[in-house]
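Peer 1: Data file entry-v1.txt (compact mmCIF, C-alpha atoms) is appended below.
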# COMPACT_ATOMS: atom_id res chain seq x y z
CA MET A 269 136.85 90.27 28.09
CA PHE A 270 138.15 93.82 28.39
CA GLU A 271 134.68 95.07 29.30
CA ARG A 272 135.98 96.84 32.37
CA GLU A 273 138.64 98.60 30.39
CA ILE A 274 136.16 99.69 27.75
CA ARG A 275 133.85 101.16 30.40
CA ARG A 276 136.73 102.91 32.14
CA ARG A 277 137.99 104.45 28.92
CA ALA A 278 134.49 105.53 27.84
CA LYS A 279 133.92 107.11 31.26
CA GLU A 280 137.24 108.93 31.11
CA LEU A 281 136.49 110.36 27.69
CA LEU A 282 133.02 111.53 28.71
CA GLU A 283 134.18 113.00 32.03
CA ALA A 284 137.02 114.87 30.40
CA LYS A 285 134.51 116.12 27.81
CA ALA A 286 136.85 114.86 25.14
CA VAL A 287 133.79 113.43 23.40
CA ASP A 288 130.05 114.16 23.59
CA LEU A 289 128.89 110.68 22.84
CA VAL A 290 130.11 107.10 22.98
CA ILE A 291 128.61 104.58 20.61
CA GLY A 292 128.94 101.03 21.90
CA TYR A 293 127.11 97.81 22.61
CA THR A 294 124.80 96.83 25.41
CA SER A 295 123.00 93.55 26.14
CA GLY A 296 120.03 92.93 23.91
CA SER A 297 116.54 92.23 25.16
CA LEU A 298 117.01 88.54 24.32
CA PRO A 299 119.94 86.33 25.32
CA PHE A 300 122.80 85.89 22.82
CA GLN A 301 122.24 89.35 21.46
CA ALA A 302 123.80 92.75 21.78
CA ARG A 303 122.38 96.00 20.56
CA PRO A 304 123.90 99.41 19.93
CA ILE A 305 123.72 102.03 22.65
CA LEU A 306 124.51 105.74 22.61
CA VAL A 307 126.04 106.84 25.91
CA SER A 308 126.30 110.52 26.71
CA SER A 309 126.70 110.58 30.51
CA PRO A 310 129.59 108.99 32.43
CA GLU A 311 127.22 107.02 34.73
CA ASP A 312 125.68 105.16 31.80
CA THR A 313 128.99 103.69 30.69
CA GLU A 314 128.30 100.76 33.04
CA GLN A 315 125.83 99.52 30.47
CA LEU A 316 128.51 98.93 27.85
CA VAL A 317 129.31 95.32 27.04
CA TRP A 318 131.75 93.55 24.75
CA ASN A 319 131.23 89.90 23.89
CA HIS A 320 130.89 87.46 21.02
CA PHE A 321 127.47 88.76 20.04
CA CYS A 322 128.33 92.40 19.38
CA SER A 323 127.34 92.10 15.76
CA PRO A 324 125.94 95.45 14.48
CA ASN A 325 128.41 97.52 12.54
CA LEU A 326 128.52 100.67 14.67
CA ALA A 327 129.83 102.85 11.85
CA ARG A 328 126.22 102.85 10.69
CA TYR A 329 125.21 104.75 13.83
CA LEU A 330 127.62 107.58 13.10
CA LEU A 331 125.71 108.59 9.99
CA PRO A 332 122.89 110.55 11.67
CA TYR A 333 125.58 112.81 13.18
CA ARG A 334 127.02 113.90 9.84
CA GLU A 335 125.49 117.38 10.09
CA SER A 336 126.08 117.92 13.81
CA SER A 337 129.27 119.11 15.43
CA LYS A 338 129.35 116.46 18.18
CA LYS A 339 132.56 114.62 18.89
CA ILE A 340 131.90 110.93 18.90
CA ALA A 341 133.79 107.97 20.32
CA LEU A 342 133.05 104.68 18.69
CA LEU A 343 133.80 101.12 19.76
CA ALA A 344 135.04 99.55 16.58
CA LYS A 345 136.04 96.05 15.54
CA GLY A 346 138.25 95.52 12.52
CA CYS A 347 135.41 95.76 10.02
CA ASP A 348 133.71 98.70 11.77
CA THR A 349 136.95 100.62 11.65
CA ARG A 350 137.39 99.87 7.97
CA ALA A 351 133.92 101.31 7.40
CA VAL A 352 134.90 104.41 9.40
CA VAL A 353 138.03 104.75 7.27
CA ILE A 354 135.88 104.80 4.15
CA LEU A 355 133.50 107.34 5.66
CA LEU A 356 136.49 109.53 6.51
CA ARG A 357 137.95 108.96 3.06
CA GLU A 358 134.66 110.00 1.49
CA GLU A 359 134.68 113.15 3.64
CA GLN A 360 131.54 112.35 5.57
CA PHE A 361 133.29 113.34 8.81
CA PRO A 362 136.39 115.30 9.69
CA ARG A 363 138.92 113.03 11.40
CA GLU A 364 138.94 115.19 14.56
CA ARG A 365 135.31 114.44 15.29
CA ILE A 366 135.73 110.68 15.50
CA HIS A 367 137.53 108.96 18.35
CA ILE A 368 138.04 105.30 17.51
CA ILE A 369 138.29 102.85 20.40
CA GLY A 370 139.71 99.91 18.49
CA LEU A 371 138.83 96.38 19.56
CA PRO A 372 140.68 93.44 18.00
CA CYS A 373 137.89 90.96 17.40
CA SER A 374 137.84 87.20 17.58
CA GLY A 375 134.65 86.94 15.54
CA ILE A 376 130.91 87.15 16.00
CA ILE A 377 129.06 84.00 16.93
CA SER A 378 125.90 83.10 15.11
CA LYS A 379 123.02 82.27 17.41
CA ARG A 380 121.48 80.16 14.68
CA LYS A 381 124.60 77.99 14.44
CA LEU A 382 124.66 77.56 18.23
CA GLU A 383 121.07 76.35 18.16
CA GLU A 384 121.72 74.04 15.22
CA LYS A 385 124.60 72.29 16.96
CA LEU A 386 123.60 72.43 20.62
CA GLY A 387 119.83 72.31 20.49
CA GLU A 388 118.01 74.49 22.96
CA ILE A 389 120.40 76.90 24.62
CA LYS A 390 120.24 78.92 27.81
CA GLU A 391 122.43 81.85 28.63
CA GLU A 392 123.41 80.58 32.09
CA ASP A 393 124.84 77.32 30.69
CA PHE A 394 127.62 79.16 28.89
CA SER A 395 130.90 80.49 30.08
CA TRP A 396 132.82 82.41 27.50
CA GLU A 397 136.52 82.61 26.72
CA GLU A 398 138.12 84.50 23.91
CA ASN A 399 138.44 81.59 21.49
CA SER A 400 136.33 78.93 23.12
CA PHE A 401 133.42 78.42 25.47
CA LEU A 402 132.16 75.91 27.99
CA CYS A 403 128.70 74.52 27.55
CA GLN A 404 127.04 71.35 28.81
CA GLY A 405 130.32 70.44 30.55
CA LYS A 406 132.22 70.47 27.27
CA LYS A 407 134.72 72.83 25.79
CA TRP A 408 133.96 74.09 22.30
CA GLU A 409 136.14 76.06 19.91
CA ILE A 410 134.27 79.08 18.58
CA ASP A 411 135.52 78.57 15.01
CA SER A 412 132.63 76.46 13.78
CA PHE A 413 130.03 78.78 15.35
CA LEU A 414 131.21 81.98 13.70
CA GLU A 415 129.16 84.04 11.28
CA ASP A 416 130.12 83.26 7.68
CA THR A 417 131.82 86.60 7.10
CA CYS A 418 133.73 86.33 10.39
CA ALA A 419 134.97 82.84 9.52
CA ARG A 420 136.74 84.29 6.47
CA CYS A 421 137.83 87.54 8.18
CA ARG A 422 141.32 88.70 7.27
CA TYR A 423 141.39 91.90 9.28
CA PRO A 424 140.41 91.28 12.90
CA ASN A 425 142.46 94.32 13.96
CA PRO A 426 141.40 97.90 13.37
CA PRO A 427 143.59 99.56 10.73
CA LEU A 428 143.23 102.92 12.51
CA TRP A 429 142.56 103.77 16.15
CA ASP A 430 142.95 106.35 18.88
CA ASP A 431 142.83 103.80 21.71
CA LEU A 432 143.36 100.11 21.29
CA ILE A 433 141.83 97.88 23.94
CA GLY A 434 142.94 94.26 23.97
CA GLU A 435 145.73 92.57 22.11
CA LYS A 436 146.22 92.47 18.38
CA ARG A 437 145.25 89.18 16.82
CA GLU A 438 146.42 87.13 13.89
CA PRO A 439 143.76 86.31 11.30
CA ARG A 440 142.34 82.82 11.62
CA GLU A 441 144.46 80.29 9.76
CA SER A 442 141.93 77.58 9.16
CA SER A 443 139.50 79.98 7.59
CA VAL A 444 136.41 78.64 5.87
CA ASP A 445 135.42 80.80 2.95
CA TYR A 446 131.77 80.48 1.97
CA LEU A 447 132.42 82.64 -1.09
CA GLU A 448 134.96 80.10 -2.33
CA LYS A 449 132.47 77.32 -1.82
CA ILE A 450 129.91 79.06 -4.02
CA SER A 451 132.57 80.03 -6.57
CA SER A 452 133.64 76.42 -6.97
CA GLN A 453 130.17 75.43 -8.17
CA ALA A 454 129.34 75.20 -11.86
CA GLU A 455 127.93 78.36 -13.37
CA GLU A 456 124.47 76.95 -13.93
CA GLU A 457 124.32 75.64 -10.36
CA ARG A 458 125.29 79.04 -9.04
CA TRP A 459 122.58 80.70 -11.09
CA GLN A 460 120.07 78.24 -9.66
CA PHE A 461 121.30 78.98 -6.17
CA PHE A 462 121.01 82.73 -6.58
CA THR A 463 117.62 82.70 -8.26
CA GLN A 464 116.30 80.48 -5.51
CA GLU A 465 117.76 82.63 -2.78
CA LEU A 466 116.83 85.96 -4.31
CA SER A 467 113.28 84.97 -5.12
CA ARG A 468 112.81 84.80 -1.34
CA CYS A 469 113.93 88.42 -0.95
CA ILE A 470 111.04 90.61 0.16
CA ARG A 471 113.02 93.80 -0.48
CA CYS A 472 112.56 95.19 2.99
CA TYR A 473 115.89 96.99 2.47
CA ALA A 474 117.11 95.84 5.88
CA CYS A 475 120.44 94.94 4.23
CA ARG A 476 120.81 98.43 2.88
CA ASN A 477 119.77 100.02 6.16
CA ALA A 478 122.23 97.93 8.17
CA CYS A 479 125.10 98.73 5.80
CA PRO A 480 127.39 101.46 7.11
CA LEU A 481 128.25 102.53 3.58
CA CYS A 482 124.79 102.67 2.00
CA TYR A 483 124.19 106.27 2.96
CA CYS A 484 122.77 107.87 -0.21
CA LYS A 485 119.98 110.29 0.68
CA GLU A 486 117.90 108.78 -2.07
CA CYS A 487 118.55 105.16 -2.93
CA PHE A 488 118.24 104.15 -6.57
CA ALA A 489 115.84 101.45 -5.45
CA GLU A 490 113.33 104.00 -4.26
CA SER A 491 113.89 106.76 -6.77
CA ASP A 492 110.87 107.74 -8.86
CA VAL A 493 112.74 109.62 -11.56
CA PRO A 494 114.25 107.54 -13.04
CA ARG A 495 112.34 104.57 -11.79
CA TRP A 496 114.87 101.77 -11.95
CA ILE A 497 112.80 99.03 -10.39
CA SER A 498 109.26 98.53 -9.20
CA GLY A 499 108.39 98.09 -5.55
CA VAL A 500 107.17 94.56 -6.20
CA PRO A 501 109.68 91.96 -5.05
CA THR A 502 109.79 89.91 -8.25
CA LEU A 503 112.95 88.01 -9.07
CA SER A 504 114.10 90.44 -11.75
CA ASP A 505 113.61 93.42 -9.44
CA ASN A 506 115.45 91.65 -6.65
CA LEU A 507 118.34 90.76 -8.93
CA PHE A 508 118.48 94.33 -10.18
CA PHE A 509 118.51 95.72 -6.65
CA HIS A 510 121.23 93.43 -5.38
CA LEU A 511 123.37 93.82 -8.52
CA GLY A 512 122.97 97.59 -8.32
CA ARG A 513 123.82 97.65 -4.64
CA SER A 514 126.91 95.53 -5.23
CA MET A 515 128.07 97.91 -7.94
CA HIS A 516 127.52 100.87 -5.62
CA LEU A 517 129.61 99.14 -2.98
CA ALA A 518 132.37 98.23 -5.43
CA GLY A 519 135.69 98.99 -3.77
CA ARG A 520 133.89 100.09 -0.61
CA CYS A 521 132.46 96.93 0.94
CA VAL A 522 134.35 96.13 4.15
CA GLU A 523 133.06 92.57 4.37
CA CYS A 524 131.44 93.01 7.79
CA GLY A 525 128.37 90.92 6.96
CA ALA A 526 125.94 93.38 8.56
CA CYS A 527 123.63 93.00 5.55
CA GLU A 528 123.38 89.24 5.97
CA ARG A 529 122.72 89.39 9.66
CA ALA A 530 119.98 91.96 9.06
CA CYS A 531 118.22 89.82 6.47
CA PRO A 532 114.93 88.46 7.85
CA GLU A 533 114.91 85.75 5.17
CA GLU A 534 118.49 84.73 6.00
CA ILE A 535 119.60 85.14 2.42
CA LYS A 536 123.37 85.13 1.93
CA ILE A 537 123.14 88.55 0.45
CA GLY A 538 126.73 89.49 1.25
CA LEU A 539 128.03 87.12 -1.43
CA LEU A 540 127.56 89.61 -4.26
CA PRO A 541 129.47 92.55 -2.75
CA LEU A 542 132.08 90.09 -1.48
CA LYS A 543 132.56 88.78 -5.01
CA VAL A 544 132.96 92.34 -6.29
CA GLU A 545 135.63 92.94 -3.66
CA GLU A 546 137.40 89.79 -4.76
CA ILE A 547 137.38 90.92 -8.41
CA ILE A 548 138.78 94.29 -7.38
CA LYS A 549 141.40 92.76 -5.13
CA ASN A 550 142.61 90.36 -7.80
CA ASN A 551 142.70 92.86 -10.62
CA PHE A 552 143.34 96.25 -9.08
CA SER A 553 145.13 95.07 -5.89
CA PHE A 554 142.94 97.14 -3.64
CA GLU A 555 141.19 96.33 -0.39
CA ALA A 556 138.63 98.68 1.05
CA GLY A 557 139.10 100.64 4.24
CA LEU A 558 142.72 99.93 5.01
CA SER A 559 144.28 103.29 4.34
CA LEU A 560 143.22 106.92 4.47
CA GLU A 561 145.42 107.84 1.53
CA GLU A 562 144.77 105.24 -1.14
CA GLU A 563 142.39 106.29 -3.93
CA ALA A 564 139.15 104.31 -4.30
CA PRO A 565 139.63 101.77 -7.12
CA LEU A 566 136.77 102.98 -9.30
CA LEU A 567 137.75 106.62 -8.91
CA THR A 568 141.14 106.05 -10.43
CA TYR A 569 142.67 104.07 -13.28
CA LYS A 570 145.88 102.77 -14.75
CA GLU A 571 146.75 102.74 -18.41
CA ASN A 572 147.42 99.02 -18.30
CA ASP A 573 144.16 97.99 -16.64
CA PRO A 574 142.65 94.76 -17.98
CA GLY A 575 140.98 95.58 -21.29
CA GLU A 576 140.89 92.35 -23.29
CA PHE A 577 137.14 92.19 -22.94
CA ILE A 578 136.76 95.37 -24.99
CA LYS A 579 136.88 94.97 -28.76
CA MET B 54 108.05 82.13 -35.34
CA LYS B 55 111.32 81.26 -33.67
CA ASN B 56 113.28 81.52 -36.90
CA ASP B 57 112.09 85.07 -37.37
CA TRP B 58 113.50 86.16 -34.08
CA GLU B 59 115.88 89.09 -34.34
CA PRO B 60 117.68 90.35 -31.26
CA LYS B 61 117.13 93.87 -30.00
CA ILE B 62 120.37 95.45 -28.94
CA VAL B 63 120.71 98.74 -27.11
CA ALA B 64 123.88 100.59 -28.08
CA PHE B 65 125.26 103.32 -25.86
CA LEU B 66 127.59 105.30 -28.11
CA CYS B 67 129.79 108.11 -26.94
CA HIS B 68 129.10 111.39 -28.65
CA TRP B 69 132.69 112.16 -29.62
CA CYS B 70 133.90 108.91 -31.16
CA SER B 71 131.55 105.97 -31.56
CA TYR B 72 128.47 107.98 -32.44
CA ALA B 73 130.50 109.82 -35.09
CA GLY B 74 131.88 106.42 -36.17
CA ALA B 75 128.33 105.15 -36.60
CA ASP B 76 127.53 108.31 -38.53
CA LEU B 77 130.50 107.71 -40.80
CA ALA B 78 129.36 104.15 -41.39
CA GLY B 79 126.03 105.65 -42.41
CA ILE B 80 127.32 108.28 -44.82
CA SER B 81 129.80 105.79 -46.30
CA ARG B 82 126.85 103.45 -46.97
CA ILE B 83 128.49 100.62 -45.03
CA GLN B 84 125.95 97.90 -44.31
CA TYR B 85 125.39 96.58 -40.81
CA PRO B 86 122.53 94.67 -39.19
CA PRO B 87 119.57 96.82 -38.18
CA ASN B 88 119.29 95.26 -34.71
CA ILE B 89 120.80 98.07 -32.72
CA ARG B 90 118.96 100.95 -31.10
CA VAL B 91 121.40 103.78 -30.59
CA ILE B 92 121.44 105.94 -27.49
CA ARG B 93 123.92 108.77 -27.61
CA VAL B 94 125.75 109.49 -24.38
CA PRO B 95 128.32 112.21 -23.67
CA CYS B 96 131.06 109.71 -22.79
CA SER B 97 131.42 106.00 -22.18
CA GLY B 98 132.35 107.00 -18.63
CA ALA B 99 128.83 108.43 -18.27
CA VAL B 100 127.27 105.02 -18.78
CA ASN B 101 126.01 103.95 -15.39
CA PRO B 102 126.14 100.16 -14.89
CA LEU B 103 122.48 100.49 -13.96
CA TYR B 104 121.72 101.60 -17.56
CA ILE B 105 123.01 98.27 -18.78
CA LEU B 106 121.02 96.28 -16.24
CA LYS B 107 117.94 98.36 -16.93
CA ALA B 108 118.20 97.75 -20.68
CA LEU B 109 118.40 94.00 -20.08
CA ARG B 110 115.52 94.19 -17.65
CA GLU B 111 113.28 96.10 -20.04
CA GLY B 112 113.69 93.50 -22.75
CA ALA B 113 116.89 94.19 -24.67
CA ASP B 114 118.61 90.96 -25.72
CA GLY B 115 122.00 92.59 -25.69
CA VAL B 116 123.78 95.79 -24.82
CA LEU B 117 126.69 97.39 -26.63
CA VAL B 118 128.71 100.15 -25.04
CA SER B 119 131.19 101.92 -27.23
CA GLY B 120 133.54 104.81 -26.58
CA CYS B 121 136.77 106.44 -27.67
CA HIS B 122 140.02 104.48 -27.76
CA PRO B 123 142.10 104.70 -24.56
CA GLY B 124 143.98 107.98 -24.62
CA ASP B 125 141.53 109.60 -27.06
CA CYS B 126 138.73 110.47 -24.64
CA HIS B 127 137.30 113.93 -25.25
CA TYR B 128 137.21 114.32 -21.47
CA LEU B 129 140.74 112.91 -21.22
CA SER B 130 140.09 109.95 -18.95
CA GLY B 131 136.37 109.05 -18.99
CA ASN B 132 136.93 105.84 -20.89
CA TYR B 133 139.63 104.66 -18.47
CA PHE B 134 137.16 104.93 -15.60
CA ALA B 135 134.56 103.21 -17.77
CA ARG B 136 136.94 100.35 -18.42
CA ARG B 137 137.37 99.58 -14.72
CA LYS B 138 133.66 99.88 -14.02
CA PHE B 139 132.64 97.64 -16.91
CA PHE B 140 135.31 95.11 -16.10
CA VAL B 141 133.85 94.66 -12.62
CA LEU B 142 130.28 94.50 -13.92
CA HIS B 143 131.24 92.03 -16.65
CA GLU B 144 132.99 89.68 -14.21
CA LEU B 145 130.13 89.93 -11.73
CA LEU B 146 127.49 89.09 -14.34
CA GLN B 147 129.55 86.17 -15.55
CA TRP B 148 129.97 84.85 -12.01
CA LEU B 149 126.30 85.16 -11.30
CA GLY B 150 125.50 83.17 -14.42
CA ILE B 151 124.13 85.92 -16.66
CA GLU B 152 125.69 85.43 -20.09
CA LYS B 153 128.62 87.78 -20.39
CA ASP B 154 128.31 87.97 -24.19
CA ARG B 155 125.06 89.87 -23.93
CA VAL B 156 127.02 92.86 -22.76
CA GLN B 157 129.65 93.95 -25.25
CA PHE B 158 132.14 96.75 -25.09
CA SER B 159 134.20 98.31 -27.84
CA TRP B 160 136.37 101.26 -28.70
CA VAL B 161 135.43 102.84 -32.03
CA SER B 162 136.87 106.16 -33.15
CA ALA B 163 135.16 108.73 -35.36
CA SER B 164 137.11 107.54 -38.39
CA GLU B 165 136.33 103.84 -37.95
CA GLY B 166 133.04 103.42 -39.82
CA GLN B 167 134.20 100.04 -41.04
CA LYS B 168 135.10 98.88 -37.55
CA PHE B 169 131.76 100.05 -36.25
CA SER B 170 129.90 97.89 -38.72
CA GLN B 171 132.13 94.93 -37.79
CA VAL B 172 131.50 95.45 -34.10
CA VAL B 173 127.75 95.52 -34.65
CA GLU B 174 127.90 92.40 -36.81
CA GLU B 175 129.89 90.51 -34.20
CA THR B 176 127.65 91.65 -31.38
CA VAL B 177 124.50 90.63 -33.24
CA GLU B 178 126.03 87.28 -34.08
CA LYS B 179 126.98 86.57 -30.47
CA VAL B 180 123.60 87.60 -29.11
CA LYS B 181 121.82 85.54 -31.78
CA LYS B 182 123.77 82.52 -30.61
CA LEU B 183 122.55 83.09 -27.05
CA GLY B 184 118.92 83.46 -28.06
CA PRO B 185 116.35 85.76 -26.46
CA ALA B 186 117.31 87.19 -23.07
CA GLN B 187 115.60 85.51 -20.15
CA LYS B 188 117.59 85.98 -17.02
CA LEU B 189 117.11 89.60 -16.03
CA VAL B 190 113.91 90.31 -17.95
CA LYS B 191 111.10 91.69 -15.86
CA GLU B 192 108.21 89.39 -15.21
CA PHE B 193 104.67 90.12 -16.19
CA THR B 194 102.75 91.23 -13.11
CA PHE B 195 99.40 92.84 -12.55
CA TYR B 196 101.01 95.41 -10.33
CA VAL B 197 102.52 98.59 -11.68
Have the structure of the file written as structure tokens, please.
Peer 2:
Amino acid sequence: MFEREIRRRAKELLEAKAVDLVIGYTSGSLPFQARPILVSSPEDTEQLVWNHFCSPNLARYLLPYRESSKKIALLAKGCDTRAVVILLREEQFPRERIHIIGLPCSGIISKRKLEEKLGEIKEEDFSWEENSFLCQGKKWEIDSFLEDTCARCRYPNPPLWDDLIGEKREPRESSVDYLEKISSQAEEERWQFFTQELSRCIRCYACRNACPLCYCKECFAESDVPRWISGVPTLSDNLFFHLGRSMHLAGRCVECGACERACPEEIKIGLLPLKVEEIIKNNFSFEAGLSLEEEAPLLTYKENDPGEFIK
Amino acid sequence: MKNDWEPKIVAFLCHWCSYAGADLAGISRIQYPPNIRVIRVPCSGAVNPLYILKALREGADGVLVSGCHPGDCHYLSGNYFARRKFFVLHELLQWLGIEKDRVQFSWVSASEGQKFSQVVEETVEKVKKLGPAQKLVKEFTFYV
């Protein structure tokens, strides 16, 4: 799927010295995995891959280059590009330093869901198409194997790009929204669900570290003065951390699901920031990372904003 | 024991309006329940959502945030930003199942001593109805 074109374009850019570095994906050390790779010489572009398992949000890997003057090309799916847009909007990079190779994305497949439905899986049994795959002599649609955030994705196409490889896609019509499912529960049930889930959190901060937009030099979770929370992963600390993180991502979360995929306890940790985005979308008609001009929703206001909750 | 329970409420009052409003309530000898602990802040816009969560975590049963009326902010627009921020926090807490009524917001100007006492009365009443806070309160651990 467009792998050859991606390699060719990356090689061109590096040979022409238009960029110093290409950030992309390469095969992981285990099957059904892809990991990020930084390519700086034209020969190494052969290692680049593009498939249904390219899950890390590569915008995260731009952040160490904030202080350098390197020009960087980045393979970016819809959500990665939205994260880049926010980084540009927040003046973390000048636009000239980032070359976006946009990739319309059909969704990331969850290895866990494959194993649940198909039992033991081997890489050689699969042959992949864009929206389906062949396995055990049967054709499967990828829809029911997608990661939860990909199943509800509304922006498979990059909103901004310098090169676009592949064809633009329509968002999935039969989208399953796991946020809606949780929202339809009774309040008390939801509280039970979250306390159960969050009491499993070990606060390894993998979610924060995988997030392309959690780039504070000192995170409130680890600050000593003031000391917001203790290092002990008790339920109240965990709730505080995840509520605080969601508030920090308010109007910035690009719904990529990198936090959930990073979670070693498989907690659906993306639900909180996703809910915040929904609140912002419904009340301030704003969606993160779609435009370089629009003001962030919490950095602006309107005189007729909802205010009935204030006495 | 339970009947004696009185809620502890942390009140973040903006220096320019609500704090002066509370002061006016004081010098006008207007009575209001003694359950609030006042923290003076420069502006309601300076109240970080984490302050509210932290107060609940450290054992407050309720939080009141009060600032200038829209359009009257000493810093021109601080309270407008605050309104958006608190709206999001309020909705999020509600969705998560943490009682929304524990966190109250109000606009009280420097001349509204009477309103300030009303706001405090209402807040105390609502929090009393909910009972002691339990959901975000930090657990007792042997660790520091």
Peer 1: Using all atoms listed in the file, which protein or nucleic acid residues come within 12 Å of Trp58 in chain B? Drop anything in the same chain fewer than 4 positions from it, and give the result as a PyMOL selection string.
Peer 2: chain B and resi 54+88+114+177+180-186
Peer 1: Quick one: which residues from chain B are at most 8 Å off chain A, using all atoms listed in the file, as a ChimeraX atom specification?
Peer 2: /B:102-103,106-107,110,123,133-134,136-138,140-142,144-145,148-151,157-160,172,188-192,196-197
Peer 1: Got time to write the residues from that selection, C-alpha atoms, as a compact mmCIF listing (two decimals), in the frame of the given file?
Peer 2:
# COMPACT_ATOMS: atom_id res chain seq x y z
CA PRO B 102 126.14 100.16 -14.89
CA LEU B 103 122.48 100.49 -13.96
CA LEU B 106 121.02 96.28 -16.24
CA LYS B 107 117.94 98.36 -16.93
CA ARG B 110 115.52 94.19 -17.65
CA PRO B 123 142.10 104.70 -24.56
CA TYR B 133 139.63 104.66 -18.47
CA PHE B 134 137.16 104.93 -15.60
CA ARG B 136 136.94 100.35 -18.42
CA ARG B 137 137.37 99.58 -14.72
CA LYS B 138 133.66 99.88 -14.02
CA PHE B 140 135.31 95.11 -16.10
CA VAL B 141 133.85 94.66 -12.62
CA LEU B 142 130.28 94.50 -13.92
CA GLU B 144 132.99 89.68 -14.21
CA LEU B 145 130.13 89.93 -11.73
CA TRP B 148 129.97 84.85 -12.01
CA LEU B 149 126.30 85.16 -11.30
CA GLY B 150 125.50 83.17 -14.42
CA ILE B 151 124.13 85.92 -16.66
CA GLN B 157 129.65 93.95 -25.25
CA PHE B 158 132.14 96.75 -25.09
CA SER B 159 134.20 98.31 -27.84
CA TRP B 160 136.37 101.26 -28.70
CA VAL B 172 131.50 95.45 -34.10
CA LYS B 188 117.59 85.98 -17.02
CA LEU B 189 117.11 89.60 -16.03
CA VAL B 190 113.91 90.31 -17.95
CA LYS B 191 111.10 91.69 -15.86
CA GLU B 192 108.21 89.39 -15.21
CA TYR B 196 101.01 95.41 -10.33
CA VAL B 197 102.52 98.59 -11.68
Peer 1: Could the centre and edge lengths of an axis-aligned box, enclosing all atoms of range 70-83 of chain B in the file with 5 Å extra on each side, be given in Å to one decimal as AutoDock Vina command-line options?
Peer 2:
--center_x 130.0 --center_y 105.2 --center_z -39.1 --size_x 17.9 --size_y 19.2 --size_z 25.8
Peer 1: Rounded to one decimal in Å, what is the spacing between CA of Gly525 in chain A and CA of Gly538 in chain A?
Peer 2: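 Between CA of Gly525 in chain A and CA of Gly538 in chain A the gap is 6.1 Å.
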Peer 1: Report as a ChimeraX atom specification all protein, DNA and RNA residues lying within 9 Å of Ala419 in chain A, evaluated on all atoms listed in the file, omitting residues in the same chain fewer than 5 positions from it.
Peer 2: /A:375-376,411-414,440,442-446
Peer 1: At what distance in Å, to one decimal, does CA of Leu117 in chain B lie from CA of Pro95 in chain B?
Peer 2: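 Going from CA of Pro95 in chain B over to CA of Leu117 in chain B covers 15.2 Å.
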Peer 1: Just how far from CA of Arg422 in chain A is CA of Pro332 in chain A, in Å to one decimal?
Peer 2: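 Spanning CA of Pro332 in chain A to CA of Arg422 in chain A is a straight-line distance of 28.9 Å.
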Peer 1: Please provide the set of residues having any atom within 8 Å of Arg328 in chain A, restricted to all atoms listed in the file, with same-chain residues fewer than 3 positions apart removed, written as a PyMOL selection string.
Peer 2: chain A and resi 325+331+478-481
Peer 1: List the spatial neighbours of range 293-300 of chain A as a PyMOL selection string - criterion: any atom at most 7 Å away, only C-alpha atoms, same-chain residues fewer than 3 positions off excluded.
Peer 2: chain A and resi 303-305+315-318+321-322+379+391
Peer 1: At a cut-off of 10 Å around the point (141.7, 96.7, -0.6) (file coordinates), what residues fall inside when counting all atoms listed in the file? I'd like the answer as a ChimeraX atom specification.
Peer 2: /A:519-522,545-546,548-550,552-559,562,564-565
